[in-house]
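Trainee: This is query.cif (mmCIF, C-alpha atoms).
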data_entry
#
loop_
_atom_site.label_atom_id
_atom_site.label_comp_id
_atom_site.auth_asym_id
_atom_site.auth_seq_id
_atom_site.Cartn_x
_atom_site.Cartn_y
_atom_site.Cartn_z
CA MET A 14 -122.16 -30.52 -14.53
CA VAL A 15 -118.82 -30.34 -16.26
CA ARG A 16 -117.03 -27.01 -16.44
CA LEU A 17 -114.11 -26.59 -18.79
CA PHE A 18 -111.97 -23.45 -18.63
CA LEU A 19 -109.52 -23.04 -21.48
CA THR A 20 -107.18 -20.07 -21.54
CA ILE A 21 -104.65 -19.29 -24.23
CA ALA A 22 -102.69 -16.17 -23.32
CA VAL A 23 -99.83 -14.58 -25.24
CA LEU A 24 -97.17 -13.22 -22.93
CA VAL A 25 -96.20 -9.91 -24.52
CA PHE A 26 -94.09 -8.60 -21.63
CA SER A 27 -92.21 -11.08 -19.48
CA VAL A 28 -89.25 -9.58 -17.64
CA PRO A 29 -87.39 -11.92 -15.26
CA ALA A 30 -85.52 -10.26 -12.40
CA ARG A 31 -82.86 -11.12 -9.86
CA PRO A 32 -84.29 -13.18 -6.98
CA ALA A 33 -83.99 -10.25 -4.53
CA SER A 34 -85.41 -7.63 -6.88
CA VAL A 35 -88.93 -6.29 -6.42
CA SER A 36 -88.78 -3.27 -8.75
CA PHE A 37 -89.59 -3.12 -12.45
CA ASP A 38 -86.55 -3.74 -14.65
CA ALA A 39 -86.87 -1.18 -17.44
CA ALA A 40 -83.77 -2.62 -19.11
CA GLY A 41 -85.38 -6.01 -19.54
CA ASP A 42 -86.19 -7.33 -22.99
CA PRO A 43 -89.89 -6.57 -23.66
CA ALA A 44 -89.80 -8.97 -26.62
CA ASP A 45 -89.34 -12.05 -24.43
CA ARG A 46 -92.52 -13.58 -25.78
CA SER A 47 -94.09 -16.87 -24.86
CA ALA A 48 -97.56 -18.35 -24.77
CA LYS A 49 -99.33 -19.74 -21.73
CA PHE A 50 -102.00 -22.41 -21.91
CA ARG A 51 -104.31 -23.17 -18.95
CA LEU A 52 -106.80 -26.00 -18.67
CA HIS A 53 -109.20 -26.60 -15.76
CA VAL A 54 -111.78 -29.40 -15.75
CA ASP A 55 -114.07 -29.76 -12.72
CA LEU A 56 -115.93 -33.11 -12.55
CA PRO A 57 -118.47 -33.54 -9.73
CA VAL A 58 -118.65 -37.31 -9.15
CA LEU A 59 -121.33 -37.54 -6.46
CA ARG A 60 -123.72 -34.86 -5.21
CA VAL A 61 -126.12 -35.26 -2.28
CA GLN A 62 -128.11 -32.12 -1.54
CA HIS A 63 -125.50 -29.44 -0.74
CA THR A 64 -122.50 -31.79 -0.50
CA THR A 65 -120.32 -32.76 -3.47
CA VAL A 66 -117.47 -35.20 -3.95
CA GLY A 67 -115.50 -34.48 -7.08
CA ALA A 68 -112.22 -34.32 -8.94
CA VAL A 69 -110.37 -31.59 -10.79
CA TYR A 70 -107.72 -31.77 -13.48
CA GLY A 71 -105.63 -28.65 -14.03
CA GLN A 72 -102.71 -27.97 -16.35
CA ARG A 73 -100.47 -24.96 -17.01
CA SER A 74 -98.00 -24.84 -19.88
CA PHE A 75 -95.55 -22.26 -21.16
CA TRP A 76 -94.61 -22.35 -24.84
CA ASP A 77 -91.67 -20.43 -26.30
CA VAL A 78 -93.13 -18.85 -29.44
CA ASP A 79 -89.69 -17.64 -30.54
CA ASP A 80 -88.19 -21.16 -30.62
CA ASP A 81 -88.85 -22.70 -34.03
CA ASP A 82 -87.15 -26.01 -33.16
CA ASP A 83 -88.92 -26.89 -29.90
CA PRO A 84 -91.61 -24.38 -28.88
CA PHE A 85 -93.06 -26.66 -26.20
CA ARG A 86 -89.83 -27.16 -24.27
CA VAL A 87 -90.35 -24.54 -21.56
CA GLU A 88 -92.52 -26.23 -18.92
CA THR A 89 -95.83 -27.93 -18.17
CA ASN A 90 -97.27 -28.34 -14.67
CA PHE A 91 -99.97 -30.92 -13.92
CA ARG A 92 -102.42 -30.46 -11.04
CA PRO A 93 -104.93 -33.24 -10.26
CA GLU A 94 -107.18 -32.75 -7.22
CA VAL A 95 -109.90 -34.63 -5.32
CA TYR A 96 -112.25 -32.73 -3.02
CA LEU A 97 -115.19 -32.79 -0.64
CA GLN A 98 -117.34 -29.67 -0.76
CA THR A 99 -120.42 -28.45 1.08
CA SER A 100 -122.42 -25.24 1.06
CA ALA A 101 -125.01 -23.39 3.13
CA ALA A 102 -126.68 -20.15 2.07
CA SER A 103 -123.92 -17.85 0.76
CA TRP A 104 -121.04 -19.91 2.22
CA ARG A 105 -119.10 -22.78 0.71
CA TRP A 106 -116.38 -24.96 2.28
CA ARG A 107 -114.02 -27.31 0.48
CA GLY A 108 -111.36 -29.72 1.66
CA SER A 109 -109.09 -31.18 -1.01
CA TYR A 110 -105.96 -33.15 -1.73
CA VAL A 111 -103.82 -31.64 -4.49
CA HIS A 112 -100.81 -33.10 -6.27
CA GLU A 113 -98.75 -30.81 -8.48
CA SER A 114 -95.72 -31.75 -10.57
CA ASN A 115 -94.04 -31.15 -13.90
CA GLY A 116 -94.06 -34.82 -14.89
CA LEU A 117 -90.29 -35.09 -15.28
CA GLU A 118 -87.84 -37.43 -13.58
CA GLN A 119 -84.76 -37.28 -11.37
CA GLY A 120 -83.00 -33.89 -11.29
CA LEU A 121 -85.57 -32.22 -13.54
CA SER A 122 -88.54 -33.30 -11.43
CA ARG A 123 -90.46 -30.63 -9.51
CA GLY A 124 -93.48 -31.40 -7.37
CA TRP A 125 -95.32 -31.41 -4.06
CA ASN A 126 -98.56 -32.51 -2.41
CA ARG A 127 -100.96 -30.35 -0.42
CA VAL A 128 -104.00 -30.58 1.80
CA VAL A 129 -106.06 -27.45 1.07
CA LEU A 130 -108.91 -25.88 3.02
CA THR A 131 -111.01 -23.31 1.12
CA VAL A 132 -113.79 -21.02 2.36
CA GLU A 133 -115.92 -18.95 -0.03
CA ARG A 134 -118.46 -16.22 0.68
CA ARG A 135 -120.86 -14.84 -1.91
CA SER A 136 -122.03 -11.27 -1.53
CA GLY A 137 -124.22 -9.93 -4.30
CA SER A 138 -122.34 -10.32 -7.58
CA TRP A 139 -118.95 -10.82 -5.85
CA ARG A 140 -117.24 -13.88 -4.43
CA VAL A 141 -114.45 -13.79 -1.84
CA THR A 142 -112.41 -16.97 -1.40
CA ALA A 143 -109.69 -17.68 1.17
CA ALA A 144 -107.54 -20.81 1.00
CA ALA A 145 -104.73 -22.19 3.12
CA TRP A 146 -102.72 -25.37 2.65
CA ILE A 147 -100.14 -27.64 4.20
CA GLY A 148 -97.49 -29.08 1.89
CA PHE A 149 -95.98 -32.54 2.33
CA ARG A 150 -93.78 -34.88 0.30
CA VAL A 151 -92.10 -31.85 -1.24
CA GLU A 152 -89.41 -32.95 -3.67
CA ASP A 153 -85.79 -32.15 -2.84
CA THR A 154 -85.41 -30.29 -6.14
CA ASN A 155 -87.78 -27.53 -4.94
CA PRO A 156 -87.70 -27.49 -1.11
CA ASP A 157 -88.74 -23.83 -0.76
CA LEU A 158 -92.08 -23.97 -2.60
CA ARG A 159 -94.05 -22.72 0.41
CA ARG A 160 -91.77 -19.65 0.46
CA THR A 161 -92.30 -18.88 -3.24
CA VAL A 162 -95.73 -20.31 -4.17
CA GLY A 163 -97.02 -19.51 -0.68
CA ASP A 164 -99.02 -20.96 2.19
CA GLY A 165 -102.39 -19.69 0.99
CA GLU A 166 -104.25 -17.25 -1.23
CA ILE A 167 -107.16 -14.81 -1.36
CA HIS A 168 -109.45 -14.48 -4.41
CA LEU A 169 -111.86 -11.69 -5.23
CA ARG A 170 -114.07 -12.39 -8.27
CA GLY A 171 -116.91 -10.48 -9.83
CA ASP A 172 -119.87 -11.83 -11.77
CA GLU A 173 -118.50 -14.06 -14.54
CA GLN A 174 -121.36 -12.92 -16.80
CA SER A 175 -120.71 -9.20 -16.28
CA PHE A 176 -119.06 -7.08 -18.95
CA LEU A 177 -115.59 -7.07 -17.36
CA ALA A 178 -115.74 -10.26 -15.23
CA PRO A 179 -112.94 -8.98 -12.95
CA ALA A 180 -110.74 -11.26 -10.85
CA PHE A 181 -107.95 -10.59 -8.37
CA ARG A 182 -105.74 -13.11 -6.56
CA ALA A 183 -102.96 -12.61 -4.01
CA ARG A 184 -100.84 -15.40 -2.55
CA TRP A 185 -99.01 -15.13 0.78
CA SER A 186 -96.32 -16.95 2.71
CA LEU A 187 -95.62 -17.16 6.44
CA ASP A 188 -91.91 -17.56 5.63
CA PRO A 189 -91.33 -15.40 2.53
CA VAL A 190 -88.08 -15.17 0.57
CA ASP A 191 -87.92 -11.39 1.07
CA ASP A 192 -89.56 -8.90 3.43
CA SER A 193 -93.02 -9.00 1.86
CA PRO A 194 -95.47 -11.78 2.81
CA VAL A 195 -97.09 -11.47 -0.65
CA THR A 196 -95.52 -13.97 -3.05
CA SER A 197 -97.58 -13.14 -6.16
CA ILE A 198 -100.46 -11.02 -7.45
CA ARG A 199 -102.70 -11.72 -10.44
CA ALA A 200 -105.36 -9.35 -11.78
CA ALA A 201 -107.52 -10.15 -14.82
CA LEU A 202 -110.44 -8.85 -16.87
CA ARG A 203 -112.45 -10.96 -19.33
CA LEU A 204 -114.29 -8.86 -21.88
CA PRO A 205 -116.92 -10.09 -24.36
CA LEU A 206 -115.88 -10.17 -28.00
CA PRO A 207 -117.97 -8.40 -30.67
CA HIS A 208 -121.17 -10.36 -31.21
CA ARG A 209 -120.76 -10.33 -34.98
CA VAL A 210 -117.31 -11.90 -34.64
CA VAL A 211 -118.01 -14.40 -31.83
CA PRO A 212 -121.72 -14.80 -30.97
CA ASP A 213 -120.95 -17.19 -28.10
CA ARG A 214 -120.60 -15.08 -24.92
CA ARG A 215 -118.65 -17.87 -23.22
CA VAL A 216 -115.67 -16.94 -25.41
CA ARG A 217 -113.99 -13.83 -24.01
CA PHE A 218 -110.94 -11.64 -24.50
CA LEU A 219 -108.50 -11.84 -21.58
CA VAL A 220 -106.33 -9.07 -20.15
CA GLU A 221 -104.10 -10.29 -17.32
CA VAL A 222 -101.33 -8.79 -15.20
CA PHE A 223 -99.05 -11.04 -13.13
CA TRP A 224 -96.29 -10.16 -10.66
CA GLY A 225 -94.45 -12.45 -8.30
CA ARG A 226 -92.75 -15.78 -7.70
CA GLY A 227 -93.82 -19.39 -8.01
CA GLU A 228 -95.94 -19.17 -11.14
CA MET A 229 -94.36 -22.39 -12.40
CA LEU A 230 -92.61 -25.11 -10.41
CA HIS A 231 -89.29 -24.86 -12.22
CA ASP A 232 -87.24 -21.79 -11.23
CA ASP A 233 -89.94 -20.94 -8.71
CA ALA A 234 -87.86 -18.23 -6.97
CA ARG A 235 -87.70 -16.06 -10.09
CA ILE A 236 -89.85 -12.95 -10.11
CA THR A 237 -92.05 -12.70 -13.20
CA ARG A 238 -93.71 -9.49 -14.36
CA ALA A 239 -96.09 -10.02 -17.24
CA LEU A 240 -98.88 -8.42 -19.22
CA ARG A 241 -100.91 -11.08 -21.02
CA LEU A 242 -103.49 -10.86 -23.76
CA GLY A 243 -105.46 -13.93 -24.76
CA VAL A 244 -108.78 -15.72 -25.09
CA THR A 245 -110.80 -17.78 -22.59
CA LEU A 246 -113.41 -20.42 -23.29
CA ASP A 247 -115.86 -21.65 -20.62
CA ARG A 248 -117.96 -24.78 -21.06
#
Could I get this file's structure written as structure tokens?
Mentor:
Amino acid sequence: MVRLFLTIAVLVFSVPARPASVSFDAAGDPADRSAKFRLHVDLPVLRVQHTTVGAVYGQRSFWDVDDDDDPFRVETNFRPEVYLQTSAASWRWRGSYVHESNGLEQGLSRGWNRVVLTVERRSGSWRVTAAAWIGFRVEDTNPDLRRTVGDGEIHLRGDEQSFLAPAFRARWSLDPVDDSPVTSIRAALRLPLPHRVVPDRRVRFLVEVFWGRGEMLHDDARITRALRLGVTLDR
């Protein structure tokens, strides 16, 4: 089974802050608009009973919608992954190798590699996922990624077919930049569009709030606070 997740989200409020700041900057420019594009393709290669070997391709891109000359100049991060996954009853375990980079060279290059262990528990219509990773071959241009992106994350997701399809993610670091171990928080709702407008229920309206560091590899120490509105497509 191939699952394709396509998200196009318009960033209507994006207020960068000083690296040490954790409070909302009311003086920031609320018109700092950009668009974010996310792509996630999960390709199971071999499945034997409850065990799967597969590969994932992920991509995140920021586009500057106010730049008429070069709107795609901001940044793109590429995230290929290979994994081994097994499940039993309501539990699922996954071990994976993840490479993440921005595809640039020399001083502009940002990237690292990770070994990730993920455990998921299903309970009714909810899924709780905990992941931890070890980074290696971290490029010299971003040596503090584990302090900004984090050392792991916790996901809480509701039924993807429910009306709101809620999702919450928090990332944490054992050696954070500031006093808080939480490096970033993302909360999202995916609502169905009017049936007369879009009859396909796999197309949904996205409302997303993001706060924290390390959303993109470049300038990973910057704190981003964003409210995003967009559309998701699942296949």
Trainee: Assuming the chain letters and numbering stay as they are in my file, what does the PyMOL selection byres ((chain A and resi 120) around 12) actually select? List them as a PyMOL selection string.
Mentor: chain A and resi 115-119+121-124+152-155+231
Trainee: Which is closest to A:Pro189 among A:Asp213, A:Asp232, A:Asp77, A:Asp164, if we use only C-alpha atoms?
Mentor: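 Answer, going by the shortest atom-to-atom distance: A:Asp164.
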Trainee: Counting only C-alpha atoms, which of A:Leu246, A:Val220, A:Ala143, A:Val210 gets nearest to A:Arg182?
Mentor: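 Of A:Leu246, A:Val220, A:Ala143, A:Val210, the one nearest A:Arg182 is A:Ala143, counting only C-alpha atoms.
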Trainee: Leaving out A:Arg140 and any residue of its chain fewer than 6 positions from it, which residues lie within 7 Å of it when counting all atoms listed in the file, given as a compact mmCIF listing (two decimals) with C-alpha atoms, in the frame of the given file?
Mentor:
# COMPACT_ATOMS: atom_id res chain seq x y z
CA GLU A 133 -115.92 -18.95 -0.03
CA ARG A 134 -118.46 -16.22 0.68
CA LEU A 169 -111.86 -11.69 -5.23
CA ARG A 170 -114.07 -12.39 -8.27
CA GLY A 171 -116.91 -10.48 -9.83
Trainee: Give me the residues near A:Glu173 as a list in words, where near means some atom within 10 Å (using all atoms listed in the file) and where sequence neighbours in that chain fewer than 3 positions away do not count.
Mentor: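 Selected residues are Ser138, Trp139, Arg170, Phe176, Leu177, Ala178, Pro179, Ala180, Leu202, Arg203, Leu204 and Arg215 of chain A.
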Trainee: Quick one: of A:Val61, A:Arg135, A:His53, A:Ser74, who's nearest to A:Met229, counting all atoms listed in the file?
Mentor: A:Ser74
Trainee: Between atom CA of A:His112 and atom CA of A:Leu130, what is the distance in Å, rounded to a tenth?
Mentor: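 Answer for the atom CA of A:His112 to atom CA of A:Leu130 separation: 14.3 Å.
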Trainee: As an exercise, work out the distance from atom CA of A:Tyr96 to atom CA of A:Val54 in Å and give it to one decimal place.
Mentor: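 Interatomic distance, atom CA of A:Tyr96 to atom CA of A:Val54: 13.2 Å.
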Trainee: With the file shown as input, list the residues that the PyMOL selection byres ((chain A and resi 184) around 6) selects, as a PyMOL selection string.
Mentor: chain A and resi 163+165-166+183+185+195-197
Trainee: Name the closest residue to A:Ser103 among the candidates A:Thr142, A:Asp191, A:Val66, A:Leu52; distances are taken between atoms, counting only C-alpha atoms.
Mentor: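 Closest candidate: A:Thr142.
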Trainee: I'd like the interatomic distance between atom CA of A:Glu228 and atom CA of A:Val111, to a tenth of an Å.
Mentor: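 Those two atoms sit 16.2 Å apart.
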Trainee: To verify the selection step, state as an MDAnalysis selection string which residues the PyMOL selection byres ((chain A and resi 190) around 9) yields on this input.
Mentor: chainID A and resid 32:33 157 160:161 186 188:189 191:194 196 234
Trainee: Just add N, CA and C atoms to stretch 112-123 of chain A and send it as an mmCIF file, keeping the file's coordinate frame.
Mentor:
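Output saved as result-v1.cif:
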data_model
loop_
_atom_site.group_PDB
_atom_site.id
_atom_site.type_symbol
_atom_site.label_atom_id
_atom_site.label_comp_id
_atom_site.auth_asym_id
_atom_site.auth_seq_id
_atom_site.Cartn_x
_atom_site.Cartn_y
_atom_site.Cartn_z
ATOM 1 N N HIS A 112 -102.159 -32.739 -5.851
ATOM 2 C CA HIS A 112 -100.810 -33.100 -6.270
ATOM 3 C C HIS A 112 -100.417 -32.198 -7.431
ATOM 4 N N GLU A 113 -99.203 -31.681 -7.396
ATOM 5 C CA GLU A 113 -98.750 -30.810 -8.480
ATOM 6 C C GLU A 113 -97.311 -31.174 -8.839
ATOM 7 N N SER A 114 -97.054 -31.377 -10.131
ATOM 8 C CA SER A 114 -95.720 -31.750 -10.570
ATOM 9 C C SER A 114 -95.547 -31.368 -12.030
ATOM 10 N N ASN A 115 -94.293 -31.445 -12.492
ATOM 11 C CA ASN A 115 -94.040 -31.150 -13.900
ATOM 12 C C ASN A 115 -93.865 -32.419 -14.731
ATOM 13 N N GLY A 116 -94.059 -33.574 -14.139
ATOM 14 C CA GLY A 116 -94.060 -34.820 -14.890
ATOM 15 C C GLY A 116 -92.704 -35.294 -15.347
ATOM 16 N N LEU A 117 -91.626 -34.674 -14.881
ATOM 17 C CA LEU A 117 -90.290 -35.090 -15.280
ATOM 18 C C LEU A 117 -89.660 -35.975 -14.213
ATOM 19 N N GLU A 118 -88.456 -36.490 -14.477
ATOM 20 C CA GLU A 118 -87.840 -37.430 -13.580
ATOM 21 C C GLU A 118 -86.489 -36.932 -13.083
ATOM 22 N N GLN A 119 -86.070 -37.507 -11.970
ATOM 23 C CA GLN A 119 -84.760 -37.280 -11.370
ATOM 24 C C GLN A 119 -84.501 -35.794 -11.144
ATOM 25 N N GLY A 120 -83.368 -35.266 -11.602
ATOM 26 C CA GLY A 120 -83.000 -33.890 -11.290
ATOM 27 C C GLY A 120 -83.897 -32.837 -11.886
ATOM 28 N N LEU A 121 -84.677 -33.179 -12.908
ATOM 29 C CA LEU A 121 -85.570 -32.220 -13.540
ATOM 30 C C LEU A 121 -86.964 -32.215 -12.908
ATOM 31 N N SER A 122 -87.211 -33.171 -12.022
ATOM 32 C CA SER A 122 -88.540 -33.300 -11.430
ATOM 33 C C SER A 122 -88.794 -32.188 -10.427
ATOM 34 N N ARG A 123 -90.009 -31.634 -10.463
ATOM 35 C CA ARG A 123 -90.460 -30.630 -9.510
ATOM 36 C C ARG A 123 -91.870 -31.029 -9.072
#
